[in-house]
Number of protein chains: 2
Amino acid sequence: MASITGSSAAFSAAEPPTILYIGQHETQRTEPVNANLLRRAQSVGYDILTAPVTTSNFQSRVLALLQAHVDVNAAPTADSVAFPIISPLTPEDSDLVPEDSNSSLIAVTSPWIDIGSTDPLIAHISQQIFSLEIAYAAFCGISNILVHGPISAQGTVRFARSVLKALGLGPYVQIHILLPMTGELEQDISADGTHLAELARPQFCPEDDVDDDVGPEVYGSWETWNTIRTMCLYSTKLSVALEVPRIMPTLDLQSRWYSEPVRLLLLPRTTFLRNSKGYPVLSKQHQQFATLLLRLRFPPWALLGDIGQIPSGEADDAEPTPAEAMAAAREPPEDTTKHLQYLRHLQQSQPSRPPIERFGQGYQDYMQSPLQPLTDNLESITYEVFEKDPVKYEWYERAVALALEDLRTKLGDGKDIVVAVAGAGRGPLVTRILQASRKTGVSVKVYAVEKNPNAHVLLQRRNAIDSLWAGQVTVVKSDMRTWLGPATTDGEVGKVDILVSELLGSFADNELSPECLDGVQHVLHPDHGINIPQSYSAHLTPLATPRLHSDLLSRTSSDISMSVSEKWELPYVVMLHQYDYLSTIPATLEETRTPDVQQAWAFSHPAPPSLLAHASNRAGGTTDAGNPMGGDGTNEHNARSCNLRFTCTNRGVCHGLAGYFETVLYSSPNARTDHRPQTVELSTNPVTMADKSKDMISWFPIFFSLKTPMYVPDGAEMEVSMWRQTDDRKVWYEWLVEVYVQIAGGKRMKVGMSDLHSSRRNGCLM
Amino acid sequence: MASITGSSAAFSAAEPPTILYIGQHETQRTEPVNANLLRRAQSVGYDILTAPVTTSNFQSRVLALLQAHVDVNAAPTADSVAFPIISPLTPEDSDLVPEDSNSSLIAVTSPWIDIGSTDPLIAHISQQIFSLEIAYAAFCGISNILVHGPISAQGTVRFARSVLKALGLGPYVQIHILLPMTGELEQDISADGTHLAELARPQFCPEDDVDDDVGPEVYGSWETWNTIRTMCLYSTKLSVALEVPRIMPTLDLQSRWYSEPVRLLLLPRTTFLRNSKGYPVLSKQHQQFATLLLRLRFPPWALLGDIGQIPSGEADDAEPTPAEAMAAAREPPEDTTKHLQYLRHLQQSQPSRPPIERFGQGYQDYMQSPLQPLTDNLESITYEVFEKDPVKYEWYERAVALALEDLRTKLGDGKDIVVAVAGAGRGPLVTRILQASRKTGVSVKVYAVEKNPNAHVLLQRRNAIDSLWAGQVTVVKSDMRTWLGPATTDGEVGKVDILVSELLGSFADNELSPECLDGVQHVLHPDHGINIPQSYSAHLTPLATPRLHSDLLSRTSSDISMSVSEKWELPYVVMLHQYDYLSTIPATLEETRTPDVQQAWAFSHPAPPSLLAHASNRAGGTTDAGNPMGGDGTNEHNARSCNLRFTCTNRGVCHGLAGYFETVLYSSPNARTDHRPQTVELSTNPVTMADKSKDMISWFPIFFSLKTPMYVPDGAEMEVSMWRQTDDRKVWYEWLVEVYVQIAGGKRMKVGMSDLHSSRRNGCLM
């Protein structure tokens, strides 16, 4: 059963346009950023400009105040001397004024402050300036504010505390923390060279050994970000302004940043190469990263950094001064819009998206509760969506064809093969069975069993008017579990030779395929009866998905019609998009990343008759006292559990588990001479999908969230325990994650454990 | 300001009786546990008995069922064969029936099952038996159920899942998990030698390397418990039945278990030594551990394990058979109540409790919100409680005496020393000042300033009738911050020479002593004025306190008149009792444990006048825009922050931070010839309290909780960041804990970070 639901869903396979807002971030700008400059920038193709909140005049004033304070208090300590207060902004302190056009500006707080400083004096002054600037920018109607990340890793916690406070300063403030992908920022942050961090008093400077502790880690910048956003409670008002370096880091680190809320992408001049014609271009690695980001539901805005001033516009019409003319003759001014033109070119020439992305456009990272097809009747539009899959039904037809041929070989030509569709819906499998029959020349008797009375009407109509169906299909209105079986010509109840169903959910068994197929197995021929699918398995891998976590955090109990804590305790069907695999298999090629997806458990059909007989005996209720945990145990053979271990090479945060499925529709014992594969499989497992059912779009993955994200250190092992639980009424899942590290001496040591999550209250009703 | 509040508080220094319930746990009992046996047991002095839920008949039945299943299914796998169902209990399967006396029984689930087994068959059978036994015990009215801990560490998560499920089986079920303090249980758990764990099929046996991973850790048993209770969400219905070994483990591990909810203490026969007379006794280490536990608010019950059958009572009157007579002659039956008599002797001879424990009886681990003395007026009973302290006021008198002598030396004899009490309450400090004056012969003029109109009445009355006061005290009804100062005889306003106050809270500055003393400093003589106290500091150490965490977890929003999440965001005053220090200083002696308590910050008085002048200038409001985060910064000189690192040698869970204070009441520059100390100090810091103010009872510690407990691995470092924040209206605290480990290669690696907690919404109003 597929995963896009609801009559409001409007899917299109058309390629959506690539949207890219481009801005300019110039740290050495020689003129104030105002409506005039913005108009000129937009006239050459920019959408936005960054604007410092305060001027160099303000910086001078602060430095003078600080100097005066230090002069007066020769040996200042936190206990004995009041710190200076920054007086309110004067008109000379800021070029900003409230203007309609300000919505196209990104305010930049002073990069020369150090709100994370260990020196209370520097921290105190910096925090005043920081608050003052954010409040003034918000007052001027600028909601996007760019803030340079912490100066040192030691200051991260203090920095984050100030950011958390600042997020409360205005309801519409969006703070973007400027961070390098790794290492240090390339773009010089201190325009006039004076940085308050350098003025910190010696006793407050971080000790060297502290610096060594955290070291220049490849993941250091990401870790800084993680600390800030964790302390800021995954606020949706906080995002990353990511500076892209000249040399792209590893795919692992790119993928990590990709999973984070990058809302601004800073491309400094130094990030560009020159092509043979001298034009600025981005490397192939940069282009690929940009393409990934541009496919996000909300792609970041690009900022070109320090690539030159905005052309002066009308001023060009004026006669150049003699000096200007001479300078122009000596060195013709470079066209400062070449970088912009290149980005617009990139925007126009983006490659096509994969089919599932086109199909699921608008559904990226949108979490839905799984269907309850046994208790709900689906709407026609839902069926229609499922039927659009270019692969799934084609593969079913192949499987049915193989099975028909095998049964003909086994049973001889004389007899119609009885094929029943359990859960026929609007009939797509019926059509495929009839096609397979026609193509193979094996004659069939088809039964379409459907419990949905509305779909049942459609099936009858189709049988009457569809030229392929041609009235030869027996439409049965019944829950498949209570269907007695095909009536034979002599009035007896016969058996089904091939039972075809499409009951799989995103996690294989999560829409109760095992329970349904057990329930209908009595109609299947006990000796040669074939189930399509024959078997299926559920697969897992741990994910970092800050986006989904933030989304769940912000859901209130009224949004979700359940208690707030319950929202963490049920699986979601979701087109996973902006995430990172925490555990990958070491690859031979630098260009590929393969997640470590492990099998949780499997089911196969038909079940051994003795098993079902035993299970059925339990339904009598004689063992009530013997099984007081609920139910009589009639479904206990469909309980499952697993305990899987995943290694996480690079530190990260686990927000949950992604679940997938694989299924063998039919595996024929007989080889074909026409090179058709003997085994027909479907898979949503990212490791095997391309081989088994490339471009299949019917299923999104499933996501099991963790209420409290778990920090996973470098090289740690995640141990995932999961259960498929059942009583006589429901099926549900329980899951738990533990984290272990190898500490010095090689000892394996637990460092964290999640709650036990259980979807029992929202379990799937049988 | 002290910490026991409310008119319902009734404190007594009397020694409460030591309560100890003693039971017998006999694994080889030869007769059924019923009302008759219980009566006999109680007649020899036992309070309770353990009783197996099911009989050996039941065990035989299960084993036969299992054997039949294995025989039928030669190669059973989880997928293909239904597991056997245990049919309901027959009368032969259990000796228990519902009886009134069952409340004195502790039911024991079958120790031969393995609910944590990796073999689905064994786990399935075990879980059925487990549920069946718990449900039947609950049905019989036995609410205390003893459950043997998991067979192997690998099974802990599965074991815990079953226990969580079982906790839901009855509203009154209390499950006690039997665990050794370390290593393996001493008492043989399998009466007839057959254990289901041994029947697990080879493919499901834990791999050897897995066993090596967790290894025989000293803290392994505690870690097992921690996993179980964490998965069971710190349920108050879950506790530990702790088996005490013959050799006591380290004090560290004892202390860890002490902090856990140990409700049963199993003392197997092997735990006892024989004294010179051949009587069973416990070692000194065992006695000390027992004494600690017996001082808990809810001490555990003791269970004597396998020390022999209950004497047969009436049967003794019958004529022994010849065989019995011969056996009795060969080896006289040991009196099986000697162990019991010894425990009753221990119970009677418990040492006295320390004064603060006597004083705070009933307040152990009871969390109160700190006082708001600036906004609330205290009731008389609250003052009365404070005034009972045997140390505090005596030390104040010593400090005042030293200060009076020093000022006489400095100012000469001619003039009365002006002493003012800021916040006089009912006048205990006034009395001490007058006594110090009499003892030193330094004449004083005393002012008692009090804002509480009710206490003001009492002060005036006391001045009129108290023979020591004798009308010489000037009682001033005023908030100390608005008091102009003492009126001199010529109608001018004079200055105070010594300003005495008792404004300290459990965390030094948390009841706004800094703000109050700043506010009254204008009355102090600028040249020689002395503040008593002169300085104070706040101190911290991380704690494991499952009890407090469980208590906070269970508080609903209606209990606490605030949102549920807020309860984690304010400090509590609490007589910490059942807790463990996570960070201790390596001790030279095995017998002592010294916590690593570190100073967070300090304050001293009087403040530099320039500082107060500067602060006062900020109150004008001219810098509003410059300080948009709230307030004008007039109190910013009283903001503080710290960043402290604590090492945790043995793995544990951090539930929060304990806070203490130290204060220098007065430090004299002049040595005394009478051996009086020059410096008079108070301390609640457990490291220095015995030296500085032993037996002081006025203050309980403060506790800063963590919303999500943090697992701290062996040897990890906890980094605690804390802030004292202030605007112009409030003072509040913020706190955050990070955990780092050294991983292989010596790299320091973060493994966890708490939320940033803030008491801003419940801050102390200025």
# chains A, B, ... in the order shown; residues from 1 in each chain; ligands from 1

call {"tool": "select_by_dssp", "arguments": {"residues": "region 512-644 of chain B", "states": "alpha helix (DSSP H)", "output": "MDAnalysis selection string"}}
result
chainID B and resid 513:520 546:554 557:560 609:618

call {"tool": "write_last_selection", "arguments": {"atoms": "N, CA and C atoms", "output": "mmCIF file, in the first residue's frame"}}
result
data_model
loop_
_atom_site.group_PDB
_atom_site.id
_atom_site.type_symbol
_atom_site.label_atom_id
_atom_site.label_comp_id
_atom_site.auth_asym_id
_atom_site.auth_seq_id
_atom_site.Cartn_x
_atom_site.Cartn_y
_atom_site.Cartn_z
ATOM 1 N N SER B 513 20.897 38.425 48.856
ATOM 2 C CA SER B 513 21.767 39.143 49.780
ATOM 3 C C SER B 513 22.597 40.226 49.076
ATOM 4 N N PRO B 514 23.189 39.951 47.921
ATOM 5 C CA PRO B 514 23.986 41.015 47.281
ATOM 6 C C PRO B 514 23.153 42.261 46.997
ATOM 7 N N GLU B 515 21.963 42.053 46.469
ATOM 8 C CA GLU B 515 21.129 43.196 46.108
ATOM 9 C C GLU B 515 20.682 43.962 47.362
ATOM 10 N N CYS B 516 20.345 43.227 48.420
ATOM 11 C CA CYS B 516 19.898 43.891 49.643
ATOM 12 C C CYS B 516 21.035 44.681 50.286
ATOM 13 N N LEU B 517 22.192 44.071 50.347
ATOM 14 C CA LEU B 517 23.304 44.750 51.025
ATOM 15 C C LEU B 517 23.815 45.931 50.206
ATOM 16 N N ASP B 518 23.765 45.819 48.871
ATOM 17 C CA ASP B 518 24.045 47.001 48.049
ATOM 18 C C ASP B 518 23.062 48.113 48.405
ATOM 19 N N GLY B 519 21.805 47.705 48.592
ATOM 20 C CA GLY B 519 20.743 48.679 48.797
ATOM 21 C C GLY B 519 20.827 49.387 50.135
ATOM 22 N N VAL B 520 21.471 48.765 51.111
ATOM 23 C CA VAL B 520 21.552 49.380 52.449
ATOM 24 C C VAL B 520 22.950 49.936 52.720
ATOM 25 N N PRO B 546 18.431 9.580 41.852
ATOM 26 C CA PRO B 546 17.259 8.992 41.188
ATOM 27 C C PRO B 546 15.975 9.325 41.942
ATOM 28 N N ARG B 547 16.087 9.416 43.241
ATOM 29 C CA ARG B 547 14.886 9.669 44.026
ATOM 30 C C ARG B 547 14.277 11.031 43.691
ATOM 31 N N LEU B 548 15.109 12.067 43.630
ATOM 32 C CA LEU B 548 14.576 13.391 43.315
ATOM 33 C C LEU B 548 14.062 13.427 41.882
ATOM 34 N N HIS B 549 14.777 12.753 40.990
ATOM 35 C CA HIS B 549 14.339 12.760 39.596
ATOM 36 C C HIS B 549 12.963 12.100 39.465
ATOM 37 N N SER B 550 12.821 10.966 40.103
ATOM 38 C CA SER B 550 11.557 10.248 40.057
ATOM 39 C C SER B 550 10.441 11.091 40.673
ATOM 40 N N ASP B 551 10.763 11.780 41.751
ATOM 41 C CA ASP B 551 9.786 12.644 42.408
ATOM 42 C C ASP B 551 9.341 13.769 41.466
ATOM 43 N N LEU B 552 10.302 14.430 40.833
ATOM 44 C CA LEU B 552 9.949 15.519 39.909
ATOM 45 C C LEU B 552 9.157 14.994 38.719
ATOM 46 N N LEU B 553 9.579 13.831 38.205
ATOM 47 C CA LEU B 553 8.868 13.253 37.056
ATOM 48 C C LEU B 553 7.394 13.070 37.360
ATOM 49 N N SER B 554 7.098 12.663 38.598
ATOM 50 C CA SER B 554 5.713 12.307 38.912
ATOM 51 C C SER B 554 4.866 13.528 39.260
ATOM 52 N N SER B 557 1.183 19.163 36.602
ATOM 53 C CA SER B 557 1.140 20.625 36.612
ATOM 54 C C SER B 557 0.209 21.138 37.710
ATOM 55 N N SER B 558 -0.793 20.349 38.069
ATOM 56 C CA SER B 558 -1.675 20.846 39.131
ATOM 57 C C SER B 558 -0.997 20.747 40.497
ATOM 58 N N ASP B 559 -0.111 19.749 40.667
ATOM 59 C CA ASP B 559 0.656 19.663 41.925
ATOM 60 C C ASP B 559 1.493 20.911 42.149
ATOM 61 N N ILE B 560 2.018 21.446 41.065
ATOM 62 C CA ILE B 560 3.099 22.410 41.211
ATOM 63 C C ILE B 560 2.701 23.804 40.776
ATOM 64 N N PRO B 609 32.592 51.795 46.463
ATOM 65 C CA PRO B 609 31.620 52.879 46.265
ATOM 66 C C PRO B 609 31.479 53.281 44.797
ATOM 67 N N SER B 610 32.593 53.257 44.048
ATOM 68 C CA SER B 610 32.510 53.659 42.641
ATOM 69 C C SER B 610 31.596 52.722 41.872
ATOM 70 N N LEU B 611 31.624 51.461 42.249
ATOM 71 C CA LEU B 611 30.787 50.465 41.585
ATOM 72 C C LEU B 611 29.308 50.765 41.818
ATOM 73 N N LEU B 612 28.975 51.056 43.086
ATOM 74 C CA LEU B 612 27.578 51.323 43.394
ATOM 75 C C LEU B 612 27.124 52.643 42.760
ATOM 76 N N ALA B 613 28.047 53.606 42.716
ATOM 77 C CA ALA B 613 27.697 54.901 42.103
ATOM 78 C C ALA B 613 27.367 54.682 40.628
ATOM 79 N N HIS B 614 28.221 53.928 39.967
ATOM 80 C CA HIS B 614 28.021 53.635 38.555
ATOM 81 C C HIS B 614 26.690 52.903 38.352
ATOM 82 N N ALA B 615 26.455 51.892 39.191
ATOM 83 C CA ALA B 615 25.225 51.108 39.079
ATOM 84 C C ALA B 615 24.015 52.000 39.276
ATOM 85 N N SER B 616 24.108 52.898 40.237
ATOM 86 C CA SER B 616 22.979 53.767 40.532
ATOM 87 C C SER B 616 22.693 54.708 39.363
ATOM 88 N N ASN B 617 23.744 55.149 38.669
ATOM 89 C CA ASN B 617 23.539 55.994 37.491
ATOM 90 C C ASN B 617 22.725 55.277 36.413
ATOM 91 N N ARG B 618 22.856 53.958 36.383
ATOM 92 C CA ARG B 618 22.154 53.214 35.340
ATOM 93 C C ARG B 618 20.655 53.122 35.597
#

call {"tool": "residues_around", "arguments": {"residues": "Gly752 (chain A)", "least_positions_apart": "5", "cutoff": "7 Å", "atoms": "only C-alpha atoms", "output": "list of chain:residue names"}}
result
A:Glu738, A:Val739, B:Tyr711

call {"tool": "write_last_selection", "arguments": {"atoms": "C-alpha atoms", "output": "PDB file, in the first residue's frame"}}
result
ATOM      1  CA  GLU A 738      21.747   2.704  22.794  1.00  0.00           C
ATOM      2  CA  VAL A 739      25.113   4.333  22.035  1.00  0.00           C
TER       3      VAL A 739
ATOM      4  CA  TYR B 711      24.602   9.136  31.490  1.00  0.00           C
TER       5      TYR B 711
END

call {"tool": "residues_around", "arguments": {"residues": "region 62-66 of chain A", "least_positions_apart": "3", "cutoff": "9 Å", "atoms": "only C-alpha atoms", "output": "number ranges by chain"}}
result
A: 57-59, 69-71, 84-86, 121-122, 125, 194, 196

call {"tool": "write_last_selection", "arguments": {"atoms": "N, CA and C atoms", "output": "short mmCIF file (atom, residue, chain, number, x, y, z; two decimals), in the first residue's frame"}}
result
data_model
loop_
_atom_site.label_atom_id
_atom_site.label_comp_id
_atom_site.auth_asym_id
_atom_site.auth_seq_id
_atom_site.Cartn_x
_atom_site.Cartn_y
_atom_site.Cartn_z
N ASN A 57 31.80 54.24 12.50
CA ASN A 57 31.69 55.27 13.55
C ASN A 57 31.31 54.65 14.90
N PHE A 58 30.37 53.73 14.82
CA PHE A 58 29.93 53.06 16.05
C PHE A 58 31.07 52.24 16.64
N GLN A 59 31.77 51.53 15.77
CA GLN A 59 32.88 50.72 16.26
C GLN A 59 33.92 51.59 16.98
N HIS A 69 37.53 52.83 29.79
CA HIS A 69 37.23 51.98 30.94
C HIS A 69 38.50 51.30 31.44
N VAL A 70 39.27 50.77 30.50
CA VAL A 70 40.49 50.05 30.88
C VAL A 70 41.49 51.02 31.51
N ASP A 71 41.55 52.25 30.97
CA ASP A 71 42.47 53.24 31.52
C ASP A 71 42.11 53.58 32.97
N PRO A 84 31.23 49.14 31.36
CA PRO A 84 30.61 50.28 30.66
C PRO A 84 29.33 49.88 29.94
N ILE A 85 28.46 50.85 29.83
CA ILE A 85 27.19 50.66 29.14
C ILE A 85 27.29 51.37 27.79
N ILE A 86 26.84 50.70 26.74
CA ILE A 86 26.84 51.32 25.42
C ILE A 86 25.58 52.18 25.32
N LEU A 121 34.29 41.35 30.67
CA LEU A 121 34.20 42.71 30.13
C LEU A 121 33.88 42.66 28.64
N ILE A 122 34.65 41.87 27.90
CA ILE A 122 34.44 41.77 26.45
C ILE A 122 33.07 41.16 26.17
N ILE A 125 30.26 43.78 26.91
CA ILE A 125 30.14 44.80 25.87
C ILE A 125 29.58 44.17 24.59
N THR A 194 40.25 45.60 13.93
CA THR A 194 40.17 45.55 15.38
C THR A 194 39.06 44.61 15.80
N LEU A 196 37.28 42.66 19.15
CA LEU A 196 37.25 42.70 20.61
C LEU A 196 37.92 41.46 21.22
#

call {"tool": "closest_residue", "arguments": {"among": "A:Leu169, A:Leu499, A:Leu251, A:Ile106", "to": "chain B", "atoms": "only C-alpha atoms"}}
result
A:Leu169

call {"tool": "residues_around", "arguments": {"residues": "region 500-512 of chain B", "least_positions_apart": "5", "cutoff": "7 Å", "atoms": "only C-alpha atoms", "output": "list in words"}}
result
Met1, Ala2, Gln372, Ala420, Val421, Ala422, Gly423, Asn531, Ile532, Pro533, Tyr536, Ser537, Ala538, Val573, Gly659, Tyr660, Phe661, Trp699, Phe700, Pro701, Ile702 and Cys764 of chain B

call {"tool": "write_last_selection", "arguments": {"atoms": "N, CA and C atoms", "output": "CSV table (one decimal), in the first residue's frame"}}
result
chain,number,residue,atom,x,y,z
B,1,MET,N,19.2,33.1,55.3
B,1,MET,CA,17.8,32.7,55.6
B,1,MET,C,17.7,31.2,55.5
B,2,ALA,N,17.1,30.6,56.4
B,2,ALA,CA,17.1,29.2,56.5
B,2,ALA,C,16.1,28.6,55.6
B,372,GLN,N,11.1,33.6,49.2
B,372,GLN,CA,11.2,34.9,48.5
B,372,GLN,C,11.1,36.0,49.6
B,420,ALA,N,23.7,48.0,63.4
B,420,ALA,CA,22.4,47.8,62.9
B,420,ALA,C,22.2,46.4,62.4
B,421,VAL,N,21.0,45.9,62.6
B,421,VAL,CA,20.6,44.6,62.1
B,421,VAL,C,19.7,44.9,60.9
B,422,ALA,N,20.1,44.5,59.7
B,422,ALA,CA,19.3,44.7,58.5
B,422,ALA,C,18.5,43.4,58.3
B,423,GLY,N,17.2,43.5,58.6
B,423,GLY,CA,16.3,42.3,58.6
B,423,GLY,C,16.4,41.6,59.9
B,531,ASN,N,30.7,45.0,57.3
B,531,ASN,CA,29.6,44.1,57.0
B,531,ASN,C,29.8,42.8,57.7
B,532,ILE,N,28.8,42.3,58.4
B,532,ILE,CA,28.8,40.9,58.8
B,532,ILE,C,27.6,40.2,58.2
B,533,PRO,N,27.7,39.3,57.3
B,533,PRO,CA,28.9,38.7,56.7
B,533,PRO,C,29.7,39.7,55.8
B,536,TYR,N,30.7,35.9,50.8
B,536,TYR,CA,30.2,34.6,50.7
B,536,TYR,C,30.3,34.1,49.3
B,537,SER,N,30.3,32.8,49.2
B,537,SER,CA,30.5,32.1,47.9
B,537,SER,C,29.6,31.0,47.7
B,538,ALA,N,29.2,30.7,46.5
B,538,ALA,CA,28.4,29.6,46.1
B,538,ALA,C,29.2,28.4,45.6
B,573,VAL,N,15.2,23.9,47.4
B,573,VAL,CA,15.9,23.7,48.7
B,573,VAL,C,15.5,22.3,49.2
B,659,GLY,N,24.0,22.5,45.4
B,659,GLY,CA,24.6,23.8,45.6
B,659,GLY,C,24.7,24.0,47.1
B,660,TYR,N,25.8,24.6,47.6
B,660,TYR,CA,26.1,24.9,49.0
B,660,TYR,C,26.6,26.4,49.1
B,661,PHE,N,26.8,26.8,50.3
B,661,PHE,CA,27.5,28.1,50.4
B,661,PHE,C,28.6,28.1,51.5
B,699,TRP,N,20.5,25.5,57.2
B,699,TRP,CA,20.4,25.5,55.8
B,699,TRP,C,20.4,24.1,55.2
B,700,PHE,N,19.5,23.8,54.4
B,700,PHE,CA,19.6,22.6,53.5
B,700,PHE,C,20.3,23.0,52.2
B,701,PRO,N,20.9,22.0,51.5
B,701,PRO,CA,21.5,22.4,50.2
B,701,PRO,C,20.4,22.8,49.2
B,702,ILE,N,20.9,23.3,48.1
B,702,ILE,CA,20.0,23.7,47.0
B,702,ILE,C,20.2,22.6,45.9
B,764,CYS,N,13.9,35.2,41.4
B,764,CYS,CA,13.7,35.9,42.7
B,764,CYS,C,13.5,37.4,42.5

call {"tool": "residues_around", "arguments": {"residues": "region 309-312 of chain B", "least_positions_apart": "6", "cutoff": "9 Å", "atoms": "only C-alpha atoms", "output": "list in words"}}
result
Gln24, Glu26, Gln28, Arg29, Thr30, Leu37, Arg40, Ala41, Val44, Asp335, Thr336 and Thr337 of chain B

call {"tool": "closest_residue", "arguments": {"among": "A:Ser478, A:Gln364, A:Asn452, A:Asn643", "to": "chain B", "atoms": "only C-alpha atoms"}}
result
A:Asn643

call {"tool": "select_by_dssp", "arguments": {"residues": "region 85-263 of chain B", "states": "strand (DSSP E)", "output": "tab-separated table (two decimals) with C-alpha atoms, in the first residue's frame"}}
result
chain	number	residue	atom	x	y	z
B	105	LEU	CA	3.95	-11.92	51.86
B	106	ILE	CA	6.36	-11.04	49.09
B	107	ALA	CA	5.63	-13.09	46.02
B	108	VAL	CA	8.63	-14.48	44.13
B	144	ASN	CA	5.19	-6.82	46.54
B	145	ILE	CA	6.78	-9.05	43.97
B	146	LEU	CA	10.40	-10.15	43.92
B	147	VAL	CA	11.84	-10.74	40.45
B	148	HIS	CA	15.32	-12.09	39.80
B	174	GLN	CA	5.44	-3.12	43.31
B	175	ILE	CA	8.21	-4.98	41.52
B	176	HIS	CA	11.53	-5.50	43.28
B	177	ILE	CA	14.37	-6.57	41.00
B	178	LEU	CA	16.79	-8.86	42.81
B	179	LEU	CA	20.35	-7.85	41.98
B	180	PRO	CA	23.75	-8.41	43.56
B	238	LEU	CA	9.90	-0.40	40.53
B	239	SER	CA	12.64	-0.86	43.11
B	240	VAL	CA	15.74	-2.88	43.93
B	241	ALA	CA	16.00	-5.99	46.08
B	242	LEU	CA	19.70	-5.80	46.81
B	243	GLU	CA	21.67	-8.87	47.74
B	262	VAL	CA	16.48	-0.24	47.57
B	263	ARG	CA	13.26	-1.49	49.14

call {"tool": "residues_around", "arguments": {"residues": "Gln348 (chain A)", "least_positions_apart": "4", "cutoff": "10 Å", "atoms": "only C-alpha atoms", "output": "list in words"}}
result
Pro17, Thr18, Ile19, Leu20, Tyr342, Leu343 and Arg344 of chain A

call {"tool": "decode", "arguments": {"residues": "region 577-601 of chain A", "atoms": "C-alpha atoms", "output": "PDB file, in the first residue's frame"}}
result
ATOM      1  CA  HIS A 577      14.785  14.428   1.813  1.00  0.00           C
ATOM      2  CA  GLN A 578      16.914  16.616   4.015  1.00  0.00           C
ATOM      3  CA  TYR A 579      18.719  14.081   6.165  1.00  0.00           C
ATOM      4  CA  ASP A 580      22.050  12.401   6.683  1.00  0.00           C
ATOM      5  CA  TYR A 581      22.818   8.726   7.090  1.00  0.00           C
ATOM      6  CA  LEU A 582      24.666   8.272  10.373  1.00  0.00           C
ATOM      7  CA  SER A 583      26.082   4.901   9.465  1.00  0.00           C
ATOM      8  CA  THR A 584      27.622   4.265   6.092  1.00  0.00           C
ATOM      9  CA  ILE A 585      29.594   1.411   4.593  1.00  0.00           C
ATOM     10  CA  PRO A 586      33.186   2.337   3.773  1.00  0.00           C
ATOM     11  CA  ALA A 587      33.144   2.997   0.043  1.00  0.00           C
ATOM     12  CA  THR A 588      35.831   2.302  -2.486  1.00  0.00           C
ATOM     13  CA  LEU A 589      34.915   5.386  -4.473  1.00  0.00           C
ATOM     14  CA  GLU A 590      35.011   8.826  -2.952  1.00  0.00           C
ATOM     15  CA  GLU A 591      31.939   9.796  -4.950  1.00  0.00           C
ATOM     16  CA  THR A 592      29.479   7.397  -3.387  1.00  0.00           C
ATOM     17  CA  ARG A 593      28.027   6.964   0.065  1.00  0.00           C
ATOM     18  CA  THR A 594      26.230   3.750   0.884  1.00  0.00           C
ATOM     19  CA  PRO A 595      24.164   3.693   4.049  1.00  0.00           C
ATOM     20  CA  ASP A 596      24.379   0.692   6.325  1.00  0.00           C
ATOM     21  CA  VAL A 597      20.802  -0.555   6.008  1.00  0.00           C
ATOM     22  CA  GLN A 598      20.195  -3.739   7.978  1.00  0.00           C
ATOM     23  CA  GLN A 599      17.349  -6.202   7.883  1.00  0.00           C
ATOM     24  CA  ALA A 600      15.104  -6.140  10.932  1.00  0.00           C
ATOM     25  CA  TRP A 601      12.976  -9.208  10.166  1.00  0.00           C
TER      26      TRP A 601
END
